[in-house]
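K.L.:
Input: one structure, supplied below.
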Amino acid sequence: MRRYVLPPFAAASINRVAWIFLALLFLSAVAARADSGAAPKYVFYFIGDGMAMPQRSAAEYYLAAKDGDGKPGVVKLAMDKMPVQGLTSTYSLNSIITDSGAAGTALATGFKTTNGAISVDKDKKPVATMAEMARDKGMRVGVVSSVSLDHATPACFYSHQPSRNNYYEIALDVAKSGFDYFGGGGFKDPAGKKSKKEGDKPDALEVMKKAGYTVAIDRKDIMDVRPGAKLVAINAELDRDKALPYALDGDKKGLSLAEFTAKGISQLDNPKGFFMMVEGGKIDWACHANDALASIEDTLAFDAAVSEAVKFAQQHPNETLIVVTGDHECGGLTLGFAGTRYGNYYQYLKDQKVSFEDFSKKLTEYKKAHNVADARFEDVVPLIKESFGLIVPTAEELDTMKKNPVKYSSSHTSPADPHGLYLRDYELDAVKAAFTRSMKGEKEKSEDEMDYRAYGGYEPLAVTLTHILDNKAGIGWTSYSHTGVPVVTSAMGPGSQAFSGYYDNTDVAKKIMAAMGQKAVASN
């Protein structure tokens with residue numbers, strides 16, 4: 001029998017290929033083991049309400065422009081530095097454009113539902129949340145939000161209601177949950193005054209206390225609660241909707257979202273681990289009102305909370321899973337505007353000092369002292385400049401601007417404009433019309449479709465001014481509602497590789513559950 005002998009160089013080549021193949025198999029096995037090993041001991045779940053790619057990018061471009069040299073660039077957010085990034089679809093069971101109830105249900109349970117529902121399926125039957133699974137597994141559980149704790153997203157982790165508007169019933173579910181920590185905003189209807197529930201209606205906060213929770217409001221009282229004690233921490237300073245103030249407006253009395261997150265870590269840390277959901281809720285509210293800087297500052301406040309988790313993960317690198325996502329986009333925010341072509345002037349935003357909401361409060365004071373007949377636009381000109389940096393030009397300045405229009409080119413996309421923050425003639429007309437509309441008050445609120453498109457039901461002068469400033473910066477808006485664009489999901493830690501790719505919001509929940517050794521459970 002004839003034998004064939006390979007030349008020495010061929011045999012050596014085959015040996016090298018074999019060794020390389022074996023090495024790749026080994027590395028793949030190690031990677032798989034690292035990503036599918038023991039369940040993470042600590043799980044952080046961050047949800048930016050209304051936060052999609054445009055909201056994240058706007059914050060990064062703003063940071064770069066705010067203190068930069070005028071050149072295009074970004075300053076990366078902590079969430080965008082995470083090693084794993086994916087895209088997530090957000091549609092609900094009955095709409096391409098979801099609301100926060102349906103989105104929160106998908107993100108908390110792994111099941112689709114209809115808009116307005118809270119962790120119930122299409123037949124309004126309860127479905128288990130990952131937070132409840134973590135509790136049943138022996139982990140401590142926390143829920144944090146910059147808006148009211150009975151709002152849709154936080155509620156989806158501990159309550160099961162056919163309607164997100166069942167605020168009293170949702171508040172009662174806090175005590176029933178057995179979770180260890182709730183922090184952030186307050187409760188919209190703790191006394192049940194708006195509830196359709198019949199019979200006795202005990203105060204929800206008193207029910208929480210009877211269930212063993214310390215209900216703390218003062219900053220010192222919150223910080224003094226010992227680790228491990230059940231705590232409902234309500235911010236000392238809240239707006240009329242029981243949410244934290246906009247980050248842009250500041251908070252002199254209470255805690256920031258990052259501080260509530262840090263307090264949650266100290267309250268929940270224990271040998272069996274913990275699960276904590278943190279929501280940045282007012283990103284969404286600012287986008288509903290089309291206020292870019294208010295949205296950006298709340299995105300940065302949210303990212304600061306993410307940074308608290310990252311710091312913790314650096315101390316527990318092989319035990320901590322962090323997932324950051326959004327529940328939907330809001331406002332149809334777009335990073336580009338027809339009037340600025342390919343240009344952008346994000347540095348203009350730093351001249352805005354207050355949110356639309358704070359400006360509206362100040363305008364309300366003026367309206368209390370004046371009626372339509374004696375109101376003068378000139379009276380509010382200083383307030384406009386002080387709040388948004390926008391300048392009402394003289395007749396001479398208007399003429400100069402007309403004679404010297406900004407000239408854009410492909411090589412010079414953002415030419416310097418000495419009158420960049422001055423109101424142009426058509427902008428001034430819009431502002432004056434909005435002022436007149438504002439002075440008519442709520443009794444004159446129009447049901448006209450074009451009126452809605454102009455003001456969205458918000459204070460007319462406030463929304464007109466944010467539109468103009470944002471457009472000057474090169475930012476546009478298409479809606480006062482949510483939109484259907486995908487959101488970004490970021491992750492780091494054990495199990496994080498599962499979050500790369502493009503998947504549905506129900507899959508975000510299923511991936512976290514899988515990392516925790518759980519799976520989505522249908523209603524029974």
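Each chain in the structure tokens gets a letter, A, B, ..., in the order shown, and its residues are numbered from 1; ligands are numbered from 1 in order too.
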Tell me, as a list in words, which residues lie within 6 Å of Met276 of chain A, counting only C-alpha atoms; anything in the same chain fewer than 3 positions away does not count.

P.N.:
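Once the adjacent positions are removed, what remains is Phe44, Val141, Gly142 and Val143 of chain A.
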
K.L.:
Considering only C-alpha atoms, tabulate each residue of segment 429-509 of chain A that lies at most 12 Å from segment 370-374 of chain A along with its nearest interatomic pair and the corresponding distance in Å to one decimal; arrange the rows by chain and ascending residue number and present them as a Markdown table.

P.N.:
```
| residue | atom | partner | partner_atom | distance |
| --- | --- | --- | --- | --- |
| A:Phe435 | CA | A:Val372 | CA | 9.9 |
| A:Thr436 | CA | A:Val372 | CA | 7.5 |
| A:Arg437 | CA | A:Val372 | CA | 9.3 |
| A:Ser438 | CA | A:Val372 | CA | 9.1 |
| A:Met439 | CA | A:Val372 | CA | 5.5 |
| A:Lys440 | CA | A:Val372 | CA | 6.2 |
| A:Gly441 | CA | A:Val372 | CA | 8.9 |
| A:Glu444 | CA | A:Val372 | CA | 11.4 |
```

K.L.:
For Arg135 of chain A, which residue out of A:His412, A:Lys272, A:Lys385, A:Lys519 is the nearest one, using only C-alpha atoms?

P.N.:
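Checking each of A:His412, A:Lys272, A:Lys385, A:Lys519 against Arg135 of chain A, counting only C-alpha atoms, the winner is A:Lys272.
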
K.L.:
Could you pull the residues within 7 Å of segment 159-166 of chain A, counting only C-alpha atoms, minus those fewer than 2 positions along the same chain, as number ranges by chain?

P.N.:
A: 101, 116-120, 124, 126, 152, 155-157, 168-170, 173, 195

K.L.:
Near Gly336 of chain A, counting only C-alpha atoms, which residues have an atom at most 9 Å away, once you skip same-chain residues fewer than 2 positions from it, shown as a list in words?

P.N.:
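Answer for this query is Thr334, Ala338, Gly339, Thr340, Arg341, Tyr342, Gly343, Asn344, Asn471, Ala473, Gly474, Ile475 and Gly476 of chain A.
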
K.L.:
I need the residues from that last selection saved to file as a short mmCIF file (atom, residue, chain, number, x, y, z; two decimals), in the first residue's frame (with N, CA, C and O atoms), if you can.

P.N.:
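Listing of out_6.cif after writing:
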```
data_model
loop_
_atom_site.label_atom_id
_atom_site.label_comp_id
_atom_site.auth_asym_id
_atom_site.auth_seq_id
_atom_site.Cartn_x
_atom_site.Cartn_y
_atom_site.Cartn_z
N THR A 334 -35.11 66.14 16.66
CA THR A 334 -34.19 65.89 15.55
C THR A 334 -33.00 66.83 15.62
O THR A 334 -33.16 68.01 15.95
N ALA A 338 -34.15 72.99 9.32
CA ALA A 338 -34.12 73.54 7.97
C ALA A 338 -33.45 74.91 7.93
O ALA A 338 -32.70 75.23 7.01
N GLY A 339 -33.72 75.73 8.95
CA GLY A 339 -33.20 77.09 8.96
C GLY A 339 -31.70 77.21 9.14
O GLY A 339 -31.10 78.23 8.79
N THR A 340 -31.06 76.15 9.68
CA THR A 340 -29.61 76.19 9.89
C THR A 340 -28.85 75.26 8.94
O THR A 340 -27.65 75.06 9.10
N ARG A 341 -29.60 74.70 7.95
CA ARG A 341 -28.99 73.81 6.95
C ARG A 341 -28.17 72.70 7.60
O ARG A 341 -28.68 71.95 8.40
N TYR A 342 -26.86 72.67 7.31
CA TYR A 342 -25.97 71.67 7.91
C TYR A 342 -25.28 72.21 9.15
O TYR A 342 -24.38 71.57 9.70
N GLY A 343 -25.67 73.37 9.59
CA GLY A 343 -25.01 74.00 10.73
C GLY A 343 -25.63 73.66 12.06
O GLY A 343 -26.72 73.10 12.15
N ASN A 344 -24.92 73.97 13.11
CA ASN A 344 -25.44 73.81 14.47
C ASN A 344 -24.75 74.81 15.39
O ASN A 344 -23.58 75.16 15.20
N ASN A 471 -34.42 76.01 17.49
CA ASN A 471 -34.19 76.10 16.04
C ASN A 471 -32.92 76.87 15.73
O ASN A 471 -32.16 76.50 14.82
N ALA A 473 -30.33 76.89 17.51
CA ALA A 473 -29.23 75.98 17.85
C ALA A 473 -29.06 74.87 16.82
O ALA A 473 -28.04 74.18 16.81
N GLY A 474 -30.07 74.69 15.96
CA GLY A 474 -30.02 73.61 14.97
C GLY A 474 -30.76 72.37 15.41
O GLY A 474 -30.44 71.26 15.00
N ILE A 475 -31.79 72.56 16.25
CA ILE A 475 -32.57 71.45 16.80
C ILE A 475 -34.02 71.63 16.39
O ILE A 475 -34.56 72.75 16.45
N GLY A 476 -34.68 70.56 15.97
CA GLY A 476 -36.07 70.63 15.57
C GLY A 476 -36.95 69.65 16.34
O GLY A 476 -36.46 68.72 16.98
#
```

K.L.:
Quick one: residues within 6 Å of Val84 of chain A, only C-alpha atoms counted, chain neighbours fewer than 5 positions away excluded, as a list in words?

P.N.:
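The contact residues come out as Ser490, Ala491 and Ser500 of chain A.
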
K.L.:
Going by DSSP on the backbone, which bits of segment 233-309 of chain A are strand (DSSP E or B)? Write them as number ranges by chain, please.

P.N.:
A: 233-234, 274-280

K.L.:
Could you save the residues just selected, with all heavy atoms, as a compact mmCIF listing (two decimals), in the first residue's frame?

P.N.:
```
# COMPACT_ATOMS: atom_id res chain seq x y z
N ALA A 233 -38.73 57.23 50.45
CA ALA A 233 -38.05 58.53 50.53
C ALA A 233 -38.64 59.48 49.49
O ALA A 233 -38.46 59.27 48.28
CB ALA A 233 -36.54 58.36 50.31
N ILE A 234 -39.35 60.50 49.96
CA ILE A 234 -40.01 61.45 49.07
C ILE A 234 -39.26 62.77 49.10
O ILE A 234 -38.97 63.32 50.17
CB ILE A 234 -41.48 61.67 49.51
CG1 ILE A 234 -42.24 60.33 49.46
CG2 ILE A 234 -42.16 62.72 48.63
CD1 ILE A 234 -43.65 60.41 50.03
N PHE A 274 -29.13 42.71 45.28
CA PHE A 274 -30.32 43.55 45.13
C PHE A 274 -30.62 43.82 43.66
O PHE A 274 -29.79 43.63 42.77
CB PHE A 274 -30.18 44.87 45.89
CG PHE A 274 -29.05 45.77 45.43
CD1 PHE A 274 -29.14 46.52 44.26
CD2 PHE A 274 -27.88 45.89 46.20
CE1 PHE A 274 -28.12 47.36 43.86
CE2 PHE A 274 -26.84 46.72 45.80
CZ PHE A 274 -26.97 47.46 44.62
N PHE A 275 -31.85 44.28 43.44
CA PHE A 275 -32.31 44.75 42.13
C PHE A 275 -32.83 46.18 42.32
O PHE A 275 -33.62 46.42 43.24
CB PHE A 275 -33.43 43.86 41.59
CG PHE A 275 -34.13 44.43 40.37
CD1 PHE A 275 -33.68 44.11 39.10
CD2 PHE A 275 -35.22 45.29 40.50
CE1 PHE A 275 -34.32 44.65 37.97
CE2 PHE A 275 -35.85 45.82 39.39
CZ PHE A 275 -35.40 45.50 38.11
N MET A 276 -32.40 47.10 41.48
CA MET A 276 -32.91 48.47 41.57
C MET A 276 -33.21 49.02 40.19
O MET A 276 -32.38 49.00 39.30
CB MET A 276 -31.91 49.38 42.31
CG MET A 276 -32.41 50.82 42.43
SD MET A 276 -31.62 51.80 43.74
CE MET A 276 -29.90 51.66 43.33
N MET A 277 -34.45 49.54 40.03
CA MET A 277 -34.85 50.23 38.81
C MET A 277 -34.82 51.73 39.09
O MET A 277 -35.36 52.20 40.09
CB MET A 277 -36.26 49.81 38.40
CG MET A 277 -36.70 50.30 37.01
SD MET A 277 -37.07 52.07 36.84
CE MET A 277 -38.48 52.27 37.94
N VAL A 278 -34.18 52.48 38.19
CA VAL A 278 -34.09 53.93 38.33
C VAL A 278 -34.61 54.57 37.05
O VAL A 278 -34.11 54.28 35.96
CB VAL A 278 -32.63 54.39 38.58
CG1 VAL A 278 -32.57 55.91 38.73
CG2 VAL A 278 -32.07 53.70 39.82
N GLU A 279 -35.61 55.44 37.19
CA GLU A 279 -36.18 56.11 36.02
C GLU A 279 -35.85 57.60 36.01
O GLU A 279 -35.99 58.29 37.02
CB GLU A 279 -37.71 55.97 36.01
CG GLU A 279 -38.34 56.61 34.76
CD GLU A 279 -39.78 57.06 34.94
OE1 GLU A 279 -40.22 57.25 36.10
OE2 GLU A 279 -40.47 57.23 33.92
N GLY A 280 -35.41 58.08 34.85
CA GLY A 280 -35.29 59.51 34.61
C GLY A 280 -36.55 59.98 33.90
O GLY A 280 -36.61 60.00 32.67
```

K.L.:
Report as a ChimeraX atom specification all protein, DNA and RNA residues lying within 10 Å of Asp249 of chain A, evaluated on only C-alpha atoms, omitting residues in the same chain fewer than 6 positions from it.

P.N.:
/A:294,297,353-359

K.L.:
Given the selection you just returned, output its residues as a file containing N, CA, C and O atoms, formatted as a compact mmCIF listing (two decimals), in the first residue's frame.

P.N.:
```txt
# COMPACT_ATOMS: atom_id res chain seq x y z
N ALA A 294 -33.94 71.70 28.83
CA ALA A 294 -34.50 71.02 30.00
C ALA A 294 -34.36 69.51 29.84
O ALA A 294 -34.03 68.80 30.80
N GLU A 297 -30.52 68.63 30.30
CA GLU A 297 -30.07 68.67 31.69
C GLU A 297 -30.62 67.49 32.49
O GLU A 297 -29.93 66.95 33.37
N LYS A 353 -31.55 79.82 31.01
CA LYS A 353 -31.27 79.68 32.43
C LYS A 353 -32.35 78.92 33.19
O LYS A 353 -32.11 78.46 34.31
N VAL A 354 -33.55 78.81 32.62
CA VAL A 354 -34.66 78.13 33.30
C VAL A 354 -35.42 77.27 32.31
O VAL A 354 -35.33 77.46 31.10
N SER A 355 -36.20 76.34 32.84
CA SER A 355 -37.04 75.51 31.99
C SER A 355 -38.28 76.29 31.55
O SER A 355 -38.60 77.35 32.10
N PHE A 356 -38.98 75.73 30.58
CA PHE A 356 -40.26 76.31 30.15
C PHE A 356 -41.21 76.45 31.33
O PHE A 356 -42.01 77.38 31.42
N GLU A 357 -41.14 75.49 32.27
CA GLU A 357 -42.05 75.48 33.41
C GLU A 357 -41.78 76.64 34.35
O GLU A 357 -42.71 77.32 34.80
N ASP A 358 -40.50 76.88 34.65
CA ASP A 358 -40.14 77.98 35.54
C ASP A 358 -40.50 79.32 34.89
O ASP A 358 -41.01 80.23 35.55
N PHE A 359 -40.25 79.44 33.58
CA PHE A 359 -40.61 80.67 32.87
C PHE A 359 -42.13 80.88 32.93
O PHE A 359 -42.60 82.01 33.14
```

K.L.:
Measuring between only C-alpha atoms, which one of A:Asp327, A:Asp269, A:Asp49, A:Glu308 shows the shortest distance to Thr506 of chain A?

P.N.:
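Of all the options, A:Asp327 lies closest to Thr506 of chain A.
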
K.L.:
Calculated over only C-alpha atoms, which of the candidates A:Leu461, A:Glu329, A:Ala515, A:Tyr452 has the smallest distance to Leu363 of chain A?

P.N.:
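Closest to Leu363 of chain A of all the choices is A:Leu461.
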
K.L.:
Could you check which of A:Thr325, A:Val485, A:Asp150, A:Gly178 is closest to Asp507 of chain A, using only C-alpha atoms?

P.N.:
A:Thr325

K.L.:
Might you pull out every residue within 10 Å of Met513 of chain A, with only C-alpha atoms counted and same-chain residues fewer than 2 positions away left off, and present them as a list in words?

P.N.:
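Skipping anything fewer than 2 positions along the chain leaves Ala39, Ala108, Thr109, Gly110, Thr129, Met130, Ala131, Met133, Ala134, Asp507, Val508, Ala509, Lys510, Lys511, Ala515, Met516, Gly517, Gln518, Lys519 and Ala520 of chain A.
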
K.L.:
Selection from above, C-alpha atoms, as a compact mmCIF listing (two decimals), in the first residue's frame, can you write it?

P.N.:
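Saved as part.txt:
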```txt
# COMPACT_ATOMS: atom_id res chain seq x y z
CA ALA A 39 -26.29 35.16 37.93
CA ALA A 108 -40.73 45.05 33.47
CA THR A 109 -42.47 41.79 32.51
CA GLY A 110 -41.46 40.78 28.97
CA THR A 129 -42.47 41.67 37.03
CA MET A 130 -38.74 41.05 37.28
CA ALA A 131 -38.67 43.11 40.48
CA MET A 133 -39.08 37.79 40.87
CA ALA A 134 -36.00 39.33 42.46
CA ASP A 507 -36.58 41.07 24.99
CA VAL A 508 -34.82 43.56 27.27
CA ALA A 509 -36.87 42.20 30.17
CA LYS A 510 -36.33 38.59 29.10
CA LYS A 511 -32.57 39.08 28.82
CA ALA A 515 -29.25 36.79 33.55
CA MET A 516 -30.97 36.57 36.94
CA GLY A 517 -31.88 32.93 36.33
CA GLN A 518 -35.58 33.72 35.81
CA LYS A 519 -37.97 33.79 32.86
CA ALA A 520 -41.07 35.74 31.88
```

K.L.:
One decimal, in Å: what's the spacing between atom CA of Phe46 of chain A and atom CA of Tyr181 of chain A?

P.N.:
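Those two atoms sit 15.5 Å apart.
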
K.L.:
Please return, as number ranges by chain, all residues of segment 273-342 of chain A that DSSP assigns to helix (DSSP H, G or I) on the basis of the backbone.

P.N.:
A: 282-288, 292-315, 338-340

K.L.:
How many Å lie between atom CA of Leu428 of chain A and atom CA of Thr464 of chain A, rounded to one decimal?

P.N.:
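So the answer is 10.3 Å.
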
K.L.:
State, in Å with one decimal place, the distance from atom CA of Glu60 of chain A to atom CA of Tyr345 of chain A.

P.N.:
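Between atom CA of Glu60 of chain A and atom CA of Tyr345 of chain A the gap is 13.5 Å.
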